[in-house]
>>> print(open('query.cif').read())   # mmCIF, N, CA and C atoms
data_target
#
loop_
_atom_site.label_atom_id
_atom_site.label_comp_id
_atom_site.auth_asym_id
_atom_site.auth_seq_id
_atom_site.Cartn_x
_atom_site.Cartn_y
_atom_site.Cartn_z
N MET T 1 -57.93 9.18 -34.41
CA MET T 1 -57.12 7.97 -34.35
C MET T 1 -57.99 6.72 -34.50
N LYS T 2 -59.16 6.72 -33.87
CA LYS T 2 -60.06 5.58 -33.94
C LYS T 2 -60.51 5.33 -35.39
N ALA T 3 -60.78 6.40 -36.14
CA ALA T 3 -61.19 6.26 -37.55
C ALA T 3 -60.05 5.68 -38.39
N LYS T 4 -58.83 6.07 -38.08
CA LYS T 4 -57.66 5.57 -38.82
C LYS T 4 -57.48 4.07 -38.58
N ILE T 5 -57.67 3.64 -37.34
CA ILE T 5 -57.56 2.22 -37.00
C ILE T 5 -58.67 1.44 -37.69
N GLU T 6 -59.88 1.97 -37.68
CA GLU T 6 -61.01 1.29 -38.33
C GLU T 6 -60.76 1.15 -39.84
N ALA T 7 -60.24 2.20 -40.46
CA ALA T 7 -59.94 2.14 -41.90
C ALA T 7 -58.86 1.09 -42.19
N ALA T 8 -57.85 1.02 -41.35
CA ALA T 8 -56.78 0.03 -41.52
C ALA T 8 -57.34 -1.38 -41.35
N ASN T 9 -58.21 -1.58 -40.39
CA ASN T 9 -58.83 -2.89 -40.17
C ASN T 9 -59.69 -3.29 -41.37
N GLN T 10 -60.44 -2.34 -41.92
CA GLN T 10 -61.26 -2.63 -43.10
C GLN T 10 -60.39 -3.02 -44.30
N GLU T 11 -59.28 -2.31 -44.48
CA GLU T 11 -58.36 -2.63 -45.57
C GLU T 11 -57.76 -4.03 -45.37
N ALA T 12 -57.40 -4.38 -44.15
CA ALA T 12 -56.84 -5.71 -43.87
C ALA T 12 -57.85 -6.80 -44.21
N VAL T 13 -59.08 -6.63 -43.80
CA VAL T 13 -60.12 -7.62 -44.08
C VAL T 13 -60.35 -7.71 -45.59
N SER T 14 -60.37 -6.58 -46.26
CA SER T 14 -60.56 -6.55 -47.71
C SER T 14 -59.45 -7.32 -48.43
N ARG T 15 -58.21 -7.11 -48.00
CA ARG T 15 -57.09 -7.82 -48.63
C ARG T 15 -57.16 -9.32 -48.39
N ILE T 16 -57.57 -9.71 -47.20
CA ILE T 16 -57.72 -11.14 -46.90
C ILE T 16 -58.79 -11.74 -47.81
N GLN T 17 -59.89 -11.04 -47.97
CA GLN T 17 -60.99 -11.57 -48.79
C GLN T 17 -60.63 -11.61 -50.28
N ARG T 18 -59.76 -10.73 -50.74
CA ARG T 18 -59.38 -10.68 -52.16
C ARG T 18 -58.11 -11.48 -52.45
N ALA T 19 -57.47 -12.02 -51.44
CA ALA T 19 -56.21 -12.74 -51.62
C ALA T 19 -56.39 -13.97 -52.50
N LYS T 20 -55.35 -14.31 -53.20
CA LYS T 20 -55.33 -15.50 -54.03
C LYS T 20 -54.04 -16.29 -53.71
N PRO T 21 -54.01 -16.96 -52.54
CA PRO T 21 -52.80 -17.71 -52.18
C PRO T 21 -52.60 -18.91 -53.11
N ALA T 22 -51.35 -19.15 -53.48
CA ALA T 22 -51.02 -20.28 -54.33
C ALA T 22 -49.77 -20.96 -53.78
N LEU T 23 -49.83 -22.28 -53.67
CA LEU T 23 -48.68 -23.05 -53.23
C LEU T 23 -47.66 -23.09 -54.37
N ILE T 24 -46.46 -22.57 -54.10
CA ILE T 24 -45.41 -22.48 -55.10
C ILE T 24 -44.41 -23.62 -54.96
N ASP T 25 -44.13 -24.02 -53.71
CA ASP T 25 -43.09 -25.01 -53.48
C ASP T 25 -43.23 -25.57 -52.07
N VAL T 26 -42.58 -26.68 -51.83
CA VAL T 26 -42.37 -27.22 -50.49
C VAL T 26 -40.86 -27.31 -50.34
N SER T 27 -40.35 -26.76 -49.26
CA SER T 27 -38.91 -26.66 -49.08
C SER T 27 -38.58 -26.87 -47.61
N ILE T 28 -37.34 -26.62 -47.25
CA ILE T 28 -37.01 -26.59 -45.83
C ILE T 28 -36.83 -25.12 -45.44
N ALA T 29 -37.08 -24.83 -44.19
CA ALA T 29 -37.04 -23.45 -43.71
C ALA T 29 -35.73 -22.77 -44.04
N GLY T 30 -34.62 -23.44 -43.84
CA GLY T 30 -33.31 -22.84 -44.06
C GLY T 30 -33.06 -22.42 -45.49
N GLU T 31 -33.75 -23.04 -46.43
CA GLU T 31 -33.60 -22.67 -47.84
C GLU T 31 -34.65 -21.67 -48.29
N ALA T 32 -35.79 -21.62 -47.62
CA ALA T 32 -36.91 -20.81 -48.10
C ALA T 32 -37.14 -19.51 -47.34
N ILE T 33 -36.75 -19.45 -46.09
CA ILE T 33 -37.07 -18.28 -45.26
C ILE T 33 -35.92 -17.28 -45.28
N PRO T 34 -36.21 -16.05 -45.69
CA PRO T 34 -35.15 -15.03 -45.75
C PRO T 34 -34.48 -14.81 -44.39
N GLY T 35 -33.16 -14.83 -44.37
CA GLY T 35 -32.41 -14.55 -43.16
C GLY T 35 -32.34 -15.68 -42.15
N MET T 36 -32.85 -16.85 -42.49
CA MET T 36 -32.84 -17.98 -41.57
C MET T 36 -31.42 -18.47 -41.36
N LYS T 37 -31.11 -18.84 -40.11
CA LYS T 37 -29.79 -19.36 -39.76
C LYS T 37 -29.95 -20.67 -39.02
N LYS T 38 -28.89 -21.49 -39.03
CA LYS T 38 -28.96 -22.80 -38.39
C LYS T 38 -29.14 -22.70 -36.88
N ASN T 39 -28.71 -21.60 -36.27
CA ASN T 39 -28.86 -21.44 -34.82
C ASN T 39 -30.02 -20.52 -34.48
N MET T 40 -31.02 -20.47 -35.35
CA MET T 40 -32.17 -19.59 -35.16
C MET T 40 -33.44 -20.40 -34.92
N VAL T 41 -34.26 -19.89 -34.01
CA VAL T 41 -35.58 -20.46 -33.76
C VAL T 41 -36.59 -19.35 -34.02
N LEU T 42 -37.46 -19.57 -35.00
CA LEU T 42 -38.51 -18.60 -35.29
C LEU T 42 -39.77 -18.99 -34.52
N HIS T 43 -40.54 -17.98 -34.12
CA HIS T 43 -41.74 -18.21 -33.33
C HIS T 43 -42.79 -17.16 -33.67
N ALA T 44 -44.02 -17.43 -33.32
CA ALA T 44 -45.10 -16.46 -33.48
C ALA T 44 -45.00 -15.41 -32.38
N GLY T 45 -45.54 -14.24 -32.64
CA GLY T 45 -45.60 -13.20 -31.61
C GLY T 45 -44.42 -12.27 -31.62
N PRO T 46 -44.35 -11.44 -30.58
CA PRO T 46 -43.30 -10.42 -30.50
C PRO T 46 -41.94 -11.03 -30.12
N PRO T 47 -40.86 -10.26 -30.25
CA PRO T 47 -39.54 -10.75 -29.85
C PRO T 47 -39.55 -11.24 -28.40
N VAL T 48 -38.80 -12.32 -28.15
CA VAL T 48 -38.75 -12.90 -26.81
C VAL T 48 -37.38 -13.55 -26.61
N THR T 49 -36.94 -13.60 -25.38
CA THR T 49 -35.71 -14.31 -25.05
C THR T 49 -36.09 -15.62 -24.36
N TRP T 50 -35.13 -16.52 -24.21
CA TRP T 50 -35.41 -17.78 -23.52
C TRP T 50 -35.91 -17.52 -22.11
N GLU T 51 -35.30 -16.58 -21.42
CA GLU T 51 -35.67 -16.28 -20.04
C GLU T 51 -37.10 -15.76 -19.91
N LYS T 52 -37.60 -15.08 -20.93
CA LYS T 52 -38.96 -14.50 -20.89
C LYS T 52 -39.95 -15.35 -21.70
N ASN T 53 -39.53 -16.54 -22.05
CA ASN T 53 -40.33 -17.45 -22.85
C ASN T 53 -41.54 -17.94 -22.08
N VAL T 54 -42.63 -18.22 -22.77
CA VAL T 54 -43.79 -18.81 -22.12
C VAL T 54 -43.60 -20.32 -22.02
N ARG T 55 -44.12 -20.90 -20.98
CA ARG T 55 -43.91 -22.33 -20.69
C ARG T 55 -44.34 -23.23 -21.85
N SER T 56 -45.49 -22.92 -22.48
CA SER T 56 -45.98 -23.77 -23.56
C SER T 56 -45.05 -23.75 -24.78
N HIS T 57 -44.25 -22.73 -24.88
CA HIS T 57 -43.32 -22.58 -26.00
C HIS T 57 -42.02 -23.34 -25.76
N GLU T 58 -41.67 -23.57 -24.51
CA GLU T 58 -40.40 -24.21 -24.17
C GLU T 58 -40.26 -25.59 -24.80
N GLY T 59 -41.32 -26.38 -24.74
CA GLY T 59 -41.27 -27.73 -25.31
C GLY T 59 -41.00 -27.71 -26.81
N ALA T 60 -41.58 -26.74 -27.50
CA ALA T 60 -41.36 -26.63 -28.94
C ALA T 60 -39.90 -26.26 -29.24
N VAL T 61 -39.34 -25.35 -28.45
CA VAL T 61 -37.94 -24.96 -28.63
C VAL T 61 -37.03 -26.15 -28.36
N ILE T 62 -37.27 -26.86 -27.28
CA ILE T 62 -36.47 -28.03 -26.93
C ILE T 62 -36.55 -29.08 -28.04
N GLY T 63 -37.76 -29.36 -28.50
CA GLY T 63 -37.94 -30.33 -29.58
C GLY T 63 -37.26 -29.88 -30.86
N GLY T 64 -37.35 -28.59 -31.19
CA GLY T 64 -36.71 -28.07 -32.39
C GLY T 64 -35.20 -28.20 -32.34
N LEU T 65 -34.61 -27.89 -31.18
CA LEU T 65 -33.15 -28.01 -31.04
C LEU T 65 -32.70 -29.47 -31.14
N MET T 66 -33.50 -30.37 -30.61
CA MET T 66 -33.17 -31.79 -30.71
C MET T 66 -33.37 -32.29 -32.15
N LEU T 67 -34.42 -31.84 -32.81
CA LEU T 67 -34.67 -32.21 -34.20
C LEU T 67 -33.50 -31.81 -35.10
N GLU T 68 -32.95 -30.65 -34.85
CA GLU T 68 -31.84 -30.15 -35.65
C GLU T 68 -30.51 -30.80 -35.29
N GLY T 69 -30.48 -31.63 -34.25
CA GLY T 69 -29.24 -32.27 -33.84
C GLY T 69 -28.33 -31.34 -33.05
N LEU T 70 -28.87 -30.23 -32.58
CA LEU T 70 -28.09 -29.28 -31.81
C LEU T 70 -28.02 -29.66 -30.33
N ALA T 71 -28.92 -30.55 -29.91
CA ALA T 71 -28.95 -31.04 -28.52
C ALA T 71 -29.38 -32.50 -28.54
N ARG T 72 -28.84 -33.28 -27.60
CA ARG T 72 -29.16 -34.70 -27.53
C ARG T 72 -30.36 -35.01 -26.65
N ASP T 73 -30.62 -34.14 -25.66
CA ASP T 73 -31.73 -34.38 -24.74
C ASP T 73 -32.26 -33.05 -24.22
N ARG T 74 -33.29 -33.15 -23.38
CA ARG T 74 -33.96 -31.96 -22.85
C ARG T 74 -32.99 -31.04 -22.10
N GLN T 75 -32.17 -31.61 -21.24
CA GLN T 75 -31.26 -30.81 -20.43
C GLN T 75 -30.26 -30.06 -21.31
N GLU T 76 -29.73 -30.74 -22.31
CA GLU T 76 -28.77 -30.11 -23.21
C GLU T 76 -29.47 -29.00 -24.03
N ALA T 77 -30.69 -29.25 -24.45
CA ALA T 77 -31.44 -28.25 -25.22
C ALA T 77 -31.76 -27.02 -24.36
N GLU T 78 -32.14 -27.23 -23.11
CA GLU T 78 -32.43 -26.10 -22.21
C GLU T 78 -31.17 -25.26 -21.98
N ALA T 79 -30.04 -25.93 -21.78
CA ALA T 79 -28.78 -25.22 -21.56
C ALA T 79 -28.39 -24.42 -22.80
N LEU T 80 -28.55 -25.02 -23.98
CA LEU T 80 -28.22 -24.33 -25.22
C LEU T 80 -29.14 -23.13 -25.43
N ALA T 81 -30.44 -23.31 -25.19
CA ALA T 81 -31.40 -22.22 -25.35
C ALA T 81 -31.07 -21.04 -24.43
N ALA T 82 -30.59 -21.34 -23.25
CA ALA T 82 -30.27 -20.30 -22.27
C ALA T 82 -28.88 -19.69 -22.49
N SER T 83 -28.07 -20.30 -23.33
CA SER T 83 -26.67 -19.88 -23.48
C SER T 83 -26.46 -18.58 -24.24
N GLY T 84 -27.46 -18.17 -25.00
CA GLY T 84 -27.28 -16.99 -25.85
C GLY T 84 -26.80 -17.35 -27.25
N ASP T 85 -26.50 -18.63 -27.49
CA ASP T 85 -26.04 -19.07 -28.81
C ASP T 85 -27.18 -19.30 -29.80
N ILE T 86 -28.40 -19.34 -29.29
CA ILE T 86 -29.57 -19.53 -30.15
C ILE T 86 -30.26 -18.18 -30.32
N LEU T 87 -30.56 -17.85 -31.57
CA LEU T 87 -31.26 -16.61 -31.88
C LEU T 87 -32.76 -16.88 -31.90
N PHE T 88 -33.51 -16.16 -31.11
CA PHE T 88 -34.97 -16.27 -31.10
C PHE T 88 -35.52 -15.04 -31.82
N GLU T 89 -36.25 -15.28 -32.91
CA GLU T 89 -36.79 -14.17 -33.69
C GLU T 89 -38.22 -14.47 -34.11
N PRO T 90 -39.04 -13.43 -34.22
CA PRO T 90 -40.42 -13.61 -34.68
C PRO T 90 -40.46 -14.02 -36.15
N CYS T 91 -41.38 -14.88 -36.49
CA CYS T 91 -41.56 -15.30 -37.88
C CYS T 91 -41.79 -14.09 -38.78
N HIS T 92 -42.59 -13.13 -38.31
CA HIS T 92 -42.94 -12.01 -39.19
C HIS T 92 -41.75 -11.11 -39.51
N HIS T 93 -40.64 -11.25 -38.81
CA HIS T 93 -39.41 -10.53 -39.18
C HIS T 93 -38.70 -11.21 -40.35
N HIS T 94 -39.23 -12.37 -40.77
CA HIS T 94 -38.61 -13.15 -41.84
C HIS T 94 -39.63 -13.51 -42.92
N SER T 95 -40.61 -12.65 -43.12
CA SER T 95 -41.63 -12.86 -44.16
C SER T 95 -42.26 -14.25 -44.08
N SER T 96 -42.55 -14.69 -42.86
CA SER T 96 -43.12 -16.02 -42.68
C SER T 96 -44.11 -16.00 -41.52
N VAL T 97 -44.84 -17.08 -41.40
CA VAL T 97 -45.76 -17.26 -40.27
C VAL T 97 -45.47 -18.63 -39.67
N GLY T 98 -45.82 -18.78 -38.40
CA GLY T 98 -45.59 -20.05 -37.73
C GLY T 98 -46.68 -20.33 -36.73
N PRO T 99 -46.69 -21.53 -36.18
CA PRO T 99 -47.71 -21.93 -35.21
C PRO T 99 -47.59 -21.15 -33.90
N MET T 100 -48.71 -20.89 -33.25
CA MET T 100 -48.75 -20.05 -32.05
C MET T 100 -47.81 -20.54 -30.95
N ALA T 101 -47.89 -21.79 -30.57
CA ALA T 101 -47.03 -22.29 -29.49
C ALA T 101 -45.90 -23.15 -30.04
N GLY T 102 -45.73 -23.14 -31.35
CA GLY T 102 -44.68 -23.93 -31.97
C GLY T 102 -43.54 -23.07 -32.45
N VAL T 103 -42.60 -23.68 -33.13
CA VAL T 103 -41.44 -22.97 -33.64
C VAL T 103 -41.12 -23.45 -35.04
N VAL T 104 -40.25 -22.72 -35.71
CA VAL T 104 -39.70 -23.12 -37.01
C VAL T 104 -38.19 -23.12 -36.87
N THR T 105 -37.56 -24.25 -37.21
CA THR T 105 -36.11 -24.35 -37.19
C THR T 105 -35.62 -24.68 -38.60
N TRP T 106 -34.32 -24.58 -38.82
CA TRP T 106 -33.66 -24.68 -40.11
C TRP T 106 -34.17 -25.83 -40.98
N GLY T 107 -34.24 -27.02 -40.44
CA GLY T 107 -34.55 -28.20 -41.26
C GLY T 107 -36.01 -28.56 -41.37
N MET T 108 -36.90 -27.79 -40.79
CA MET T 108 -38.32 -28.12 -40.84
C MET T 108 -38.91 -27.84 -42.23
N PRO T 109 -39.79 -28.72 -42.70
CA PRO T 109 -40.43 -28.48 -43.99
C PRO T 109 -41.41 -27.31 -43.90
N VAL T 110 -41.45 -26.51 -44.96
CA VAL T 110 -42.36 -25.36 -45.03
C VAL T 110 -43.02 -25.30 -46.39
N TRP T 111 -44.19 -24.70 -46.44
CA TRP T 111 -44.86 -24.39 -47.70
C TRP T 111 -44.41 -23.01 -48.12
N VAL T 112 -44.09 -22.85 -49.39
CA VAL T 112 -43.79 -21.54 -49.95
C VAL T 112 -45.04 -21.12 -50.71
N VAL T 113 -45.65 -20.03 -50.22
CA VAL T 113 -46.93 -19.58 -50.76
C VAL T 113 -46.78 -18.16 -51.30
N GLU T 114 -47.37 -17.93 -52.46
CA GLU T 114 -47.38 -16.59 -53.04
C GLU T 114 -48.81 -16.09 -53.10
N ASN T 115 -49.00 -14.84 -52.79
CA ASN T 115 -50.31 -14.22 -52.91
C ASN T 115 -50.43 -13.67 -54.32
N LYS T 116 -51.16 -14.35 -55.19
CA LYS T 116 -51.26 -13.97 -56.61
C LYS T 116 -51.95 -12.61 -56.78
N ALA T 117 -52.74 -12.18 -55.81
CA ALA T 117 -53.42 -10.89 -55.92
C ALA T 117 -52.51 -9.72 -55.54
N PHE T 118 -51.65 -9.91 -54.56
CA PHE T 118 -50.86 -8.80 -54.03
C PHE T 118 -49.36 -9.01 -54.08
N GLY T 119 -48.91 -10.20 -54.47
CA GLY T 119 -47.48 -10.47 -54.49
C GLY T 119 -46.93 -10.65 -53.09
N ILE T 120 -45.64 -10.56 -52.99
CA ILE T 120 -44.97 -10.73 -51.70
C ILE T 120 -44.55 -9.36 -51.22
N GLU T 121 -44.94 -9.04 -50.01
CA GLU T 121 -44.55 -7.76 -49.40
C GLU T 121 -43.71 -8.10 -48.17
N PRO T 122 -42.39 -8.16 -48.33
CA PRO T 122 -41.53 -8.52 -47.17
C PRO T 122 -41.71 -7.54 -46.02
N THR T 123 -41.60 -8.07 -44.83
CA THR T 123 -41.66 -7.23 -43.64
C THR T 123 -40.27 -6.98 -43.13
N ALA T 124 -40.11 -5.91 -42.45
CA ALA T 124 -38.81 -5.59 -41.85
C ALA T 124 -38.96 -5.56 -40.34
N PRO T 125 -37.93 -6.02 -39.63
CA PRO T 125 -38.01 -5.99 -38.16
C PRO T 125 -38.07 -4.57 -37.63
#
>>> encode(input="query.cif", output="structure tokens")
Amino acid sequence: MKAKIEAANQEAVSRIQRAKPALIDVSIAGEAIPGMKKNMVLHAGPPVTWEKNVRSHEGAVIGGLMLEGLARDRQEAEALAASGDILFEPCHHHSSVGPMAGVVTWGMPVWVVENKAFGIEPTAP
């Protein structure tokens, strides 16, 4: 098993070193990210719910909900986040990446990047 993990790590490093990323477009998340919804907050890391959210992430969620016009203030954003009406999903379930303690919401600007060496390999949840 250890040899298999080492081989996978070597392949990952090799692909990173051979990658040829190219900026294709600048868009908004809702138009560019597969499966994105207006009531969705994408984040880095594994799946998480509002109740199991880390404190440093809460401010980003609150700010994102206010940016999207889904909440007028912190209290309204916290209530909405806890209501179950907001979908929290990992960026990597949507062929995207995001900031560690930040979030991606529908209207945020994003770079659309293609790997000219390997193409796009969508991930599945």
>>> residues_around(input="query.cif", residues="range 31-34 of chain T", least_positions_apart="2", cutoff="9 Å", atoms="only C-alpha atoms", output="ChimeraX atom specification")
/T:26-29,36,94-96,106-107,110-112
>>> select_by_dssp(input="query.cif", residues="chain T", states="strand (DSSP E)", output="number ranges by chain")
T: 21-28, 40-43, 87-90, 103-104, 109-115
>>> closest_residue(input="query.cif", among="T:Pro46, T:Leu87, T:Ala22, T:Ala101", to="Val61 in chain T", atoms="all atoms listed in the file")
T:Ala101
>>> atom_distance(input="query.cif", atom1="atom N of Met108 in chain T", atom2="CA of Ile62 in chain T")
13.9 Å
>>> atom_distance(input="query.cif", atom1="CA of Phe118 in chain T", atom2="CA of Ala8 in chain T")
16.4 Å
>>> resolve_selection(input="query.cif", expression="the PyMOL selection byres (((chain T and resi 85 and name CA) around 12) and name CA)", output="MDAnalysis selection string")
chainID T and resid 37:41 49:50 65 70 77:84 86:88
>>> atom_distance(input="query.cif", atom1="CA of Gly119 in chain T", atom2="CA of Ala44 in chain T")
22.0 Å
>>> select_by_dssp(input="query.cif", residues="range 61-102 of chain T", states="alpha helix (DSSP H)", output="list in words")
Val61, Ile62, Gly63, Gly64, Leu65, Met66, Leu67, Arg74, Gln75, Glu76, Ala77, Glu78, Ala79, Leu80, Ala81 and Ala82 of chain T
>>> closest_residue(input="query.cif", among="T:Met1, T:Pro21, T:Leu42, T:Gln75", to="Pro90 in chain T", atoms="only C-alpha atoms")
T:Leu42
>>> resolve_selection(input="query.cif", expression="the PyMOL selection byres ((chain T and resi 100) around 8)", output="VMD selection string")
chain T and resid 43 to 45 56 to 57 97 to 99 101 to 103
>>> write_last_selection(input="query.cif", atoms="N, CA and C atoms", output="JSON list (two decimals), in the frame of the given file")
[["chain", "number", "residue", "atom", "x", "y", "z"],
["T", 43, "HIS", "N", -40.54, -17.98, -34.12],
["T", 43, "HIS", "CA", -41.74, -18.21, -33.33],
["T", 43, "HIS", "C", -42.79, -17.16, -33.67],
["T", 44, "ALA", "N", -44.02, -17.43, -33.32],
["T", 44, "ALA", "CA", -45.10, -16.46, -33.48],
["T", 44, "ALA", "C", -45.00, -15.41, -32.38],
["T", 45, "GLY", "N", -45.54, -14.24, -32.64],
["T", 45, "GLY", "CA", -45.60, -13.20, -31.61],
["T", 45, "GLY", "C", -44.42, -12.27, -31.62],
["T", 56, "SER", "N", -45.49, -22.92, -22.48],
["T", 56, "SER", "CA", -45.98, -23.77, -23.56],
["T", 56, "SER", "C", -45.05, -23.75, -24.78],
["T", 57, "HIS", "N", -44.25, -22.73, -24.88],
["T", 57, "HIS", "CA", -43.32, -22.58, -26.00],
["T", 57, "HIS", "C", -42.02, -23.34, -25.76],
["T", 97, "VAL", "N", -44.84, -17.08, -41.40],
["T", 97, "VAL", "CA", -45.76, -17.26, -40.27],
["T", 97, "VAL", "C", -45.47, -18.63, -39.67],
["T", 98, "GLY", "N", -45.82, -18.78, -38.40],
["T", 98, "GLY", "CA", -45.59, -20.05, -37.73],
["T", 98, "GLY", "C", -46.68, -20.33, -36.73],
["T", 99, "PRO", "N", -46.69, -21.53, -36.18],
["T", 99, "PRO", "CA", -47.71, -21.93, -35.21],
["T", 99, "PRO", "C", -47.59, -21.15, -33.90],
["T", 101, "ALA", "N", -47.89, -21.79, -30.57],
["T", 101, "ALA", "CA", -47.03, -22.29, -29.49],
["T", 101, "ALA", "C", -45.90, -23.15, -30.04],
["T", 102, "GLY", "N", -45.73, -23.14, -31.35],
["T", 102, "GLY", "CA", -44.68, -23.93, -31.97],
["T", 102, "GLY", "C", -43.54, -23.07, -32.45],
["T", 103, "VAL", "N", -42.60, -23.68, -33.13],
["T", 103, "VAL", "CA", -41.44, -22.97, -33.64],
["T", 103, "VAL", "C", -41.12, -23.45, -35.04]]
>>> closest_residue(input="query.cif", among="T:Val104, T:Ala19, T:Cys91, T:Val48", to="Gly64 in chain T", atoms="all atoms listed in the file")
T:Val104
>>> closest_residue(input="query.cif", among="T:Lys2, T:Ala12, T:Asn53, T:Lys20", to="Ala117 in chain T", atoms="all atoms listed in the file")
T:Lys20
>>> build_atoms(input="query.cif", residues="range 82-89 of chain T", atoms="all heavy atoms", output="PDB file, keeping the file's coordinate frame")
ATOM      1  N   ALA T  82     -30.590 -21.340 -23.250  1.00  0.00           N
ATOM      2  CA  ALA T  82     -30.270 -20.300 -22.270  1.00  0.00           C
ATOM      3  C   ALA T  82     -28.880 -19.690 -22.490  1.00  0.00           C
ATOM      4  O   ALA T  82     -28.561 -18.650 -21.896  1.00  0.00           O
ATOM      5  CB  ALA T  82     -30.357 -20.874 -20.853  1.00  0.00           C
ATOM      6  N   SER T  83     -28.070 -20.300 -23.330  1.00  0.00           N
ATOM      7  CA  SER T  83     -26.670 -19.880 -23.480  1.00  0.00           C
ATOM      8  C   SER T  83     -26.460 -18.580 -24.240  1.00  0.00           C
ATOM      9  O   SER T  83     -25.401 -17.971 -24.151  1.00  0.00           O
ATOM     10  CB  SER T  83     -25.886 -20.983 -24.219  1.00  0.00           C
ATOM     11  OG  SER T  83     -26.258 -21.010 -25.598  1.00  0.00           O
ATOM     12  N   GLY T  84     -27.460 -18.170 -25.000  1.00  0.00           N
ATOM     13  CA  GLY T  84     -27.280 -16.990 -25.850  1.00  0.00           C
ATOM     14  C   GLY T  84     -26.800 -17.350 -27.250  1.00  0.00           C
ATOM     15  O   GLY T  84     -26.696 -16.480 -28.116  1.00  0.00           O
ATOM     16  N   ASP T  85     -26.500 -18.630 -27.490  1.00  0.00           N
ATOM     17  CA  ASP T  85     -26.040 -19.070 -28.810  1.00  0.00           C
ATOM     18  C   ASP T  85     -27.180 -19.300 -29.800  1.00  0.00           C
ATOM     19  O   ASP T  85     -26.945 -19.442 -30.991  1.00  0.00           O
ATOM     20  CB  ASP T  85     -25.220 -20.354 -28.690  1.00  0.00           C
ATOM     21  CG  ASP T  85     -23.880 -20.127 -28.004  1.00  0.00           C
ATOM     22  OD1 ASP T  85     -23.400 -18.975 -27.996  1.00  0.00           O
ATOM     23  OD2 ASP T  85     -23.319 -21.100 -27.469  1.00  0.00           O
ATOM     24  N   ILE T  86     -28.400 -19.340 -29.290  1.00  0.00           N
ATOM     25  CA  ILE T  86     -29.570 -19.530 -30.150  1.00  0.00           C
ATOM     26  C   ILE T  86     -30.260 -18.180 -30.320  1.00  0.00           C
ATOM     27  O   ILE T  86     -30.512 -17.468 -29.353  1.00  0.00           O
ATOM     28  CB  ILE T  86     -30.539 -20.568 -29.541  1.00  0.00           C
ATOM     29  CG1 ILE T  86     -29.844 -21.928 -29.389  1.00  0.00           C
ATOM     30  CG2 ILE T  86     -31.806 -20.682 -30.385  1.00  0.00           C
ATOM     31  CD1 ILE T  86     -29.354 -22.543 -30.695  1.00  0.00           C
ATOM     32  N   LEU T  87     -30.560 -17.850 -31.570  1.00  0.00           N
ATOM     33  CA  LEU T  87     -31.260 -16.610 -31.880  1.00  0.00           C
ATOM     34  C   LEU T  87     -32.760 -16.880 -31.900  1.00  0.00           C
ATOM     35  O   LEU T  87     -33.218 -17.738 -32.652  1.00  0.00           O
ATOM     36  CB  LEU T  87     -30.807 -16.081 -33.243  1.00  0.00           C
ATOM     37  CG  LEU T  87     -29.307 -15.868 -33.417  1.00  0.00           C
ATOM     38  CD1 LEU T  87     -28.985 -15.559 -34.877  1.00  0.00           C
ATOM     39  CD2 LEU T  87     -28.831 -14.747 -32.508  1.00  0.00           C
ATOM     40  N   PHE T  88     -33.510 -16.160 -31.110  1.00  0.00           N
ATOM     41  CA  PHE T  88     -34.970 -16.270 -31.100  1.00  0.00           C
ATOM     42  C   PHE T  88     -35.520 -15.040 -31.820  1.00  0.00           C
ATOM     43  O   PHE T  88     -35.275 -13.915 -31.404  1.00  0.00           O
ATOM     44  CB  PHE T  88     -35.507 -16.300 -29.658  1.00  0.00           C
ATOM     45  CG  PHE T  88     -35.095 -17.537 -28.906  1.00  0.00           C
ATOM     46  CD1 PHE T  88     -33.994 -17.525 -28.069  1.00  0.00           C
ATOM     47  CD2 PHE T  88     -35.810 -18.709 -29.048  1.00  0.00           C
ATOM     48  CE1 PHE T  88     -33.604 -18.660 -27.377  1.00  0.00           C
ATOM     49  CE2 PHE T  88     -35.431 -19.865 -28.362  1.00  0.00           C
ATOM     50  CZ  PHE T  88     -34.326 -19.836 -27.522  1.00  0.00           C
ATOM     51  N   GLU T  89     -36.250 -15.280 -32.910  1.00  0.00           N
ATOM     52  CA  GLU T  89     -36.790 -14.170 -33.690  1.00  0.00           C
ATOM     53  C   GLU T  89     -38.220 -14.470 -34.110  1.00  0.00           C
ATOM     54  O   GLU T  89     -38.571 -15.617 -34.369  1.00  0.00           O
ATOM     55  CB  GLU T  89     -35.916 -13.896 -34.906  1.00  0.00           C
ATOM     56  CG  GLU T  89     -34.514 -13.442 -34.511  1.00  0.00           C
ATOM     57  CD  GLU T  89     -33.721 -12.863 -35.666  1.00  0.00           C
ATOM     58  OE1 GLU T  89     -34.286 -12.608 -36.745  1.00  0.00           O
ATOM     59  OE2 GLU T  89     -32.511 -12.665 -35.458  1.00  0.00           O
TER      60      GLU T  89
END
